[in-house]
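Novice: Would you mind keeping the following structure in view while I ask a few things?
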Amino acid sequence: MRQPGELTGYLPTLADYLDKWANLTPQQPWIARRGEDGQWIKIAYGEARDQARRIGGALLEMGLGPDRPLLILSENSLEHALLGAACFYVGIPYAPVSPAYSLVSKDHGKLRDIAATLQPGAIFADRGAPFGAAINAISSDGCHVVTAREHYAGAVAFDDLLNGEPQQADAARGEVSADTVVKYLFTSGSTGSPKAVINTNGMICAMQAMVRDC
């Protein structure tokens, strides 16, 4: 099947879309979750871009890049979303994997295979305590660990990433293109080790534009 006409509103990178809406509607909510008190905790587009630039600068300073991606072990959260935005803004691939690989598996076999494939520069887990055994199984020399709560020994606190230099992120942003890898999604591994599926900016943005044009 082929698209019969040109995609409308297509931009080549996710960073382009974040910039677009941060400029046009900086106060519009980008993402939100319920707090413990039941009230919404919201992050607007303008704030999201600011935090993505700072986090992106911090990740670059930690040595992450195209060959040293970010491995995310935990479930969806605001921190997870911001790390993803930071990565796609500066050209660092990231790989979100099923929390079951960390929390259910006893030998962490599939998680070890994923880490061996990725060779991550950093590992993120929302909570240090329940993911500690998984982190121990796959962490290596030179691989940073980042946690948002329930600190893991030696880990970088997520909030500290917000002290990164946005100027460094801006420089890297200029190199991001439609061919830049955004993330790796892993297969279930039902016939062996999980396989990495590459998702580029162009693939993701074109798919969303096609959905919008339907």
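Following the order of the structure tokens, chains are lettered A, B, ..., residues in each are numbered from 1, and ligands are numbered from 1.
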Can you pull out every residue within 8 Å of Val156 of chain A, counting only C-alpha atoms, but drop anything in the same chain fewer than 2 positions away, and send it as a PyMOL selection string?
Specialist: chain A and resi 144-147+154+158+160-161
Novice: Within 8 Å of segment 91-109 of chain A, which residues of segment 118-171 of chain A show up? Give each one with its shortest atom-to-atom distance in Å (one decimal) and the two atoms involved, counting only C-alpha atoms, rows by chain then rising residue number, as a tab-separated table.
Specialist:
```
residue	atom	partner	partner_atom	distance
A:Pro130	CA	A:Leu103	CA	7.1
A:Phe131	CA	A:Ser102	CA	6.3
A:Ala133	CA	A:Ser102	CA	7.7
A:Ala134	CA	A:Ser102	CA	5.1
A:Ala137	CA	A:His108	CA	7.0
```
Novice: Which of segment 80-135 of chain A end up as helix (DSSP H, G or I) when DSSP is run on this backbone - answer as an MDAnalysis selection string?
Specialist: chainID A and resid 80:90 100:103 109:118 128:135
Novice: Quick one: write out the picked residues with C-alpha atoms as a PDB file, in the first residue's frame?
Specialist:
```pdb
ATOM      1  CA  HIS A  80       9.468   8.213  32.237  1.00  0.00           C
ATOM      2  CA  ALA A  81       7.783  10.589  29.765  1.00  0.00           C
ATOM      3  CA  LEU A  82      10.241  13.405  30.440  1.00  0.00           C
ATOM      4  CA  LEU A  83      13.221  11.100  29.991  1.00  0.00           C
ATOM      5  CA  GLY A  84      11.776   9.948  26.679  1.00  0.00           C
ATOM      6  CA  ALA A  85      11.275  13.554  25.583  1.00  0.00           C
ATOM      7  CA  ALA A  86      14.804  14.452  26.643  1.00  0.00           C
ATOM      8  CA  CYS A  87      16.186  11.537  24.650  1.00  0.00           C
ATOM      9  CA  PHE A  88      14.313  12.287  21.437  1.00  0.00           C
ATOM     10  CA  TYR A  89      15.171  15.983  21.772  1.00  0.00           C
ATOM     11  CA  VAL A  90      18.936  15.380  21.818  1.00  0.00           C
ATOM     12  CA  ALA A 100       7.805  -7.878  34.399  1.00  0.00           C
ATOM     13  CA  TYR A 101      11.341  -8.551  33.168  1.00  0.00           C
ATOM     14  CA  SER A 102      12.563  -6.873  36.355  1.00  0.00           C
ATOM     15  CA  LEU A 103       9.843  -7.632  38.902  1.00  0.00           C
ATOM     16  CA  GLY A 109      17.522 -13.780  31.753  1.00  0.00           C
ATOM     17  CA  LYS A 110      15.647 -11.751  29.148  1.00  0.00           C
ATOM     18  CA  LEU A 111      16.660  -8.501  30.801  1.00  0.00           C
ATOM     19  CA  ARG A 112      20.300  -9.590  30.684  1.00  0.00           C
ATOM     20  CA  ASP A 113      19.938 -10.337  26.975  1.00  0.00           C
ATOM     21  CA  ILE A 114      18.380  -6.916  26.363  1.00  0.00           C
ATOM     22  CA  ALA A 115      21.171  -5.162  28.259  1.00  0.00           C
ATOM     23  CA  ALA A 116      23.797  -7.137  26.348  1.00  0.00           C
ATOM     24  CA  THR A 117      22.214  -6.025  23.070  1.00  0.00           C
ATOM     25  CA  LEU A 118      21.811  -2.369  24.029  1.00  0.00           C
ATOM     26  CA  GLY A 128      15.011   1.945  43.533  1.00  0.00           C
ATOM     27  CA  ALA A 129      13.888  -0.701  46.025  1.00  0.00           C
ATOM     28  CA  PRO A 130      11.737  -3.072  43.936  1.00  0.00           C
ATOM     29  CA  PHE A 131      14.010  -2.773  40.897  1.00  0.00           C
ATOM     30  CA  GLY A 132      17.242  -3.192  42.862  1.00  0.00           C
ATOM     31  CA  ALA A 133      17.771  -6.869  42.030  1.00  0.00           C
ATOM     32  CA  ALA A 134      17.232  -6.218  38.323  1.00  0.00           C
ATOM     33  CA  ILE A 135      19.643  -3.289  38.361  1.00  0.00           C
TER      34      ILE A 135
END
```
Novice: Pick out the residues sitting within 7 Å of Ala169 of chain A, and hand them over as a PDB file with C-alpha atoms, in the first residue's frame; count only C-alpha atoms, and ignore anything fewer than 4 positions along from it in its own chain.
Specialist:
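Result file is around-v4.pdb:
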```pdb
ATOM      1  CA  ARG A  53      16.469  20.320  27.377  1.00  0.00           C
ATOM      2  CA  GLY A  56      18.944  15.985  27.805  1.00  0.00           C
ATOM      3  CA  GLY A  57      21.962  18.109  28.673  1.00  0.00           C
ATOM      4  CA  VAL A  90      18.936  15.380  21.818  1.00  0.00           C
ATOM      5  CA  ARG A 173      19.177  19.055  18.850  1.00  0.00           C
TER       6      ARG A 173
END
```
Novice: Contacts of Ile43 of chain A at 6 Å or less, counting only C-alpha atoms, minus same-chain residues fewer than 4 places along, as number ranges by chain?
Specialist: A: 29-31
Novice: With C-alpha atoms kept, could you save the residues just selected as a tab-separated table (two decimals), in the first residue's frame?
Specialist:
```tsv
chain	number	residue	atom	x	y	z
A	29	PRO	CA	-1.04	20.53	29.19
A	30	TRP	CA	1.27	18.00	27.56
A	31	ILE	CA	0.89	15.20	30.09
```
Novice: What does the distance between atom CA of Cys143 of chain A and atom CA of Ala155 of chain A come to in Å, to one decimal place?
Specialist: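 Computing the Euclidean distance for atom CA of Cys143 of chain A and atom CA of Ala155 of chain A yields 10.2 Å.
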Novice: Find the residues around Thr13 of chain A up to 12 Å (only C-alpha atoms counted), leave out those fewer than 3 positions away in its own chain, and share them as an MDAnalysis selection string.
Specialist: chainID A and resid 9:10 16:20 85 88:91 173:182 199:209
